[in-house]
Each structure stands twice: as C-alpha cells, then as structure tokens.
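Student: First the structure, then my questions, so here it is.
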Amino acid sequence: MHRVVALVRPVQSTFELGCAVEVFGTERAGIPQHYEFEVCTETPGPVPTTAGYAISVTHGLAALETADTVLIPGWSPVDAPLSNAVRDALLRAHARGARLVTICSGVFALARTGLLDGRSATTHWARAQQLAREFPDVRVESGALYVDHGDVATSAGAGAGIDLCLHLVRRDHGAAHAALIARHMVMPPHREGDQTQHPPPAPAADTLDGLLDWAGARLHDPLSVEQMASFLNVSPRTLARRFADQLGTSPGGWVLSRRVAAARTLLEETELPVEVIATRVGLSSAVNLRRRFRAHVGTTPGAYRRAFRCP
C-alpha cells in the first residue's frame, strides 16, 4: 500500500487538502484502494483552516519518515519560512526516495528546500512572477498545469492539483484505474501537464453594437476585418481601436479565439474528425487547426479530446 502523507500548516486551505483527499484518501465502492492517506503537521493539535474551522491533526513530522509520497497542499502565507525541523524532514524524505508533491502555493515551501534549484516548476498563474523573483534558480513554467520530475512534482492553481494527483495515480497504477477515480469525481480523466493555465479574462459585454453576435454566428465563413468594419460602418482602423479599447485584442485575434473556443466545444461534445471541425469553425484545414489550437490551448486537438471525453 502506497502511503501518502499531507503536510499541513496554519492556516490550511481546505480545498487544496481536499483535492488530495479525494484522489488518494477516499474509499469508493468497487474501486481498489491503493493508497493510505494521512495528515501531519509540525506541532500536532488543532490547525486553523481557511474555512474558519480547525482540523485536529494528531501526527507530527515523524509521519514523513515512512511516507512514499509527501504532499504539501498549499503554503499560506507564501512567504512563511520553513522551520529547520520541516526542512530537515522534507530533505530526509526525499533522500530516502519519497516523492515530494505540491499543490498551488505549496511550491514555495518546496523551493525553500533547494530541491527545485535548476529544475522547472509551476504554481498558480497569479503567483508565478513572485516565485520566479524569489527563487531565480527555479525555472518557472507559468503556463503549465503541472510539472513532474519523478521525485518532485508541482501543480498550478488548486484545481490543477487534482490533475496532478490523477496523473500520479495514472503513473502508479495505470490509466484505467485513474479514469475510474476521475469518473467518480466527475472530472476529465486526463489533462496533460503542459496544457495551458487560463487566467480569468476581463469581462466583455457586446458593446460593439451587435458585431460580436453577428461575427460569432459566422465563424464557419471567411470573415475579414473589412467585413466586420463594414457591419459597423467604420474604417478598419477605427474598428481595431474600438476592439483594443473595449476587448483588449484585435478583431482578427478575437475571431481566432472564438474559432478555437468553438473547436474545443466540438472536440468535447462530438466525434467529428478534426478535418471536419476545422472547416466548421472556419480554420480551413486540420493542419491550420492543429497549429492554432496548440498556440492557444497548449496541446493538440487529439490530446484535448482524449482528456475531455470520458473513456
């Protein structure tokens, strides 16, 4: 039985800890349980959480001495230093072969051990610049959902922690077992680690006199900037300025993003060949769709479909 021990600290994020519990610590009828899950902290006792209640943690750092996987489900505040006892416990666990895994801000604790120096790592997009600034020896992959080196692994925002945990299950016990757990969690069975994080876009209402709805309904047709400008009775230059002011992008950039979004929906909801999808969303060919899709989503249409369509 593979032993997973989560190292928590005040104030502990309940969601990030819950991500690990759902994957490694929840027994499900009809699904073999391959993991033992335990929680420890530096000073056993009540540990305050972000939800306003405390959790009772009875195990101290000695629990890490027999862990196969040590998981750090967030580290708040991120500038909190590692005590000598925690640092030594993490380094000893790594030295004897345990893998060290972080969710979201937990990477800041792992970076303070020095085990990420000279390696790539990720965290929530909003913390990526801070991580790079504070730990210049770490190669920060700000767009990745997770990065796995085998002995150490890091994930982006809390939801990406689920992706990393499922990836580790897949590595330990195969894709079929990981897919069973994902299905019970009502999660996509597989999102690849290099799939791009998506920071929340700025809200954008259709303030362009109906142009966005008009253009959105015509994505399958050739759609030029001149046609869009003509719809509003303005020059292409004026249209570009209005798009930049109101949407923060160009008319062509907006159309391309809508086409990629439409392709994602068709990949998720249909079995249409990539060539047909490319035509339906106005990207003309499978080659063009693959190129645009990878640039915008960070993965291929085929990999995206495998991730978001249940087996």
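If you're wondering about the labels, chains in the structure tokens are A, B, ... by order shown, residues count from 1 in each chain, ligands from 1 in order shown.
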Write out as a ChimeraX atom specification all residues of segment 215-294 of chain A that DSSP puts in helix (DSSP H, G or I) for this structure's backbone.

Tutor: /A:215-216,225-232,236-247,251-269,274-280,286-294

Student: Please report, as a tab-separated table, each residue of segment 78-190 of chain A lying at most 12 Å from segment 53-66 of chain A, together with the nearest pair of atoms and the separation in Å rounded to one decimal; use only C-alpha atoms, and order rows by chain and ascending residue number.

Tutor:
residue	atom	partner	partner_atom	distance
A:Ser83	CA	A:Leu61	CA	11.6
A:Asn84	CA	A:Leu61	CA	11.7
A:Ala85	CA	A:Leu61	CA	8.1
A:Val86	CA	A:Leu61	CA	7.3
A:Arg87	CA	A:Leu61	CA	10.4
A:Asp88	CA	A:Leu61	CA	9.9
A:Ala89	CA	A:Leu61	CA	6.8
A:Leu90	CA	A:Leu64	CA	7.6
A:Leu91	CA	A:Leu64	CA	10.3
A:Arg92	CA	A:Glu65	CA	7.7
A:Ala93	CA	A:Glu65	CA	6.1
A:His94	CA	A:Glu65	CA	9.8
A:Ala95	CA	A:Glu65	CA	10.7
A:Arg96	CA	A:Glu65	CA	8.9
A:Gly97	CA	A:Thr66	CA	10.3
A:Ala98	CA	A:Thr66	CA	8.5
A:Arg99	CA	A:Leu64	CA	11.0
A:Leu100	CA	A:Leu64	CA	10.5

Student: So how many Å separate atom CA of Cys104 of chain A and atom CA of Ile31 of chain A, to one decimal?

Tutor: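 Rounded to one decimal, the two atoms are 27.7 Å apart.
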
Student: Can you list every residue of segment 202-241 of chain A that has an atom at most 7 Å from segment 282-301 of chain A, with its nearest atom pair and the distance in Å to one decimal, using only C-alpha atoms, ordered by chain then number, as JSON lines?

Tutor:
{"residue": "A:Leu219", "atom": "CA", "partner": "A:Gly282", "partner_atom": "CA", "distance": 5.6}
{"residue": "A:His220", "atom": "CA", "partner": "A:Gly282", "partner_atom": "CA", "distance": 4.1}
{"residue": "A:Asp221", "atom": "CA", "partner": "A:Gly282", "partner_atom": "CA", "distance": 5.7}
{"residue": "A:Pro222", "atom": "CA", "partner": "A:Gly282", "partner_atom": "CA", "distance": 6.6}

Student: If you keep C-alpha atoms, can you produce a file of those selected residues as a PDB file, in the first residue's frame?

Tutor:
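Listed below is the output, result.pdb:
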ATOM      1  CA  LEU A 219     -17.281  31.767 -37.742  1.00  0.00           C
ATOM      2  CA  HIS A 220     -17.619  28.997 -40.347  1.00  0.00           C
ATOM      3  CA  ASP A 221     -17.366  31.570 -43.168  1.00  0.00           C
ATOM      4  CA  PRO A 222     -14.359  33.638 -44.242  1.00  0.00           C
TER       5      PRO A 222
END

Student: Calculate how many Å separate atom CA of Val138 of chain A from atom CA of Asp117 of chain A, rounding to one decimal.

Tutor: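 Computing it gives 5.0 Å between the two atoms.
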
Student: I'd like the neighbourhood of segment 248-257 of chain A as a count of residues only, where a residue qualifies if any of its atoms comes within 9 Å (using only C-alpha atoms), though same-chain residues fewer than 2 positions away should be ignored.

Tutor: 23

Student: Write out as number ranges by chain each polymer residue whose atoms come within 8 Å of segment 267-274 of chain A, counting only C-alpha atoms; drop sequence neighbours fewer than 3 positions from it.

Tutor: A: 263-264, 277-278, 286, 289, 301, 304-305, 308-309

Student: With C-alpha atoms retained, could you export that selection as a PDB file, in the first residue's frame?

Tutor:
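Generated file (selection10.pdb):
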ATOM      1  CA  ALA A 263     -13.310  23.854 -31.847  1.00  0.00           C
ATOM      2  CA  ARG A 264     -12.889  22.964 -28.172  1.00  0.00           C
ATOM      3  CA  ILE A 277     -14.158  20.548 -37.149  1.00  0.00           C
ATOM      4  CA  ALA A 278     -11.556  22.752 -38.828  1.00  0.00           C
ATOM      5  CA  ALA A 286      -6.689  20.188 -39.979  1.00  0.00           C
ATOM      6  CA  LEU A 289      -6.472  23.928 -36.673  1.00  0.00           C
ATOM      7  CA  PRO A 301      -6.783  18.694 -30.623  1.00  0.00           C
ATOM      8  CA  TYR A 304      -7.571  17.691 -25.753  1.00  0.00           C
ATOM      9  CA  ARG A 305     -10.312  15.338 -26.937  1.00  0.00           C
ATOM     10  CA  PHE A 308     -12.264  15.804 -22.032  1.00  0.00           C
ATOM     11  CA  ARG A 309     -14.220  12.893 -23.439  1.00  0.00           C
TER      12      ARG A 309
END

Student: Which residue, A:Ile72, A:Asp79, A:Ala67, A:Arg280, has the smallest gap to Ala217 of chain A when you use only C-alpha atoms?

Tutor: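 Going through A:Ile72, A:Asp79, A:Ala67, A:Arg280 one by one, the smallest distance to Ala217 of chain A is for A:Arg280.
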
Student: Find the distance between atom CA of Thr43 of chain A and atom CA of Val78 of chain A and write it in Å to one decimal.

Tutor: 18.9 Å
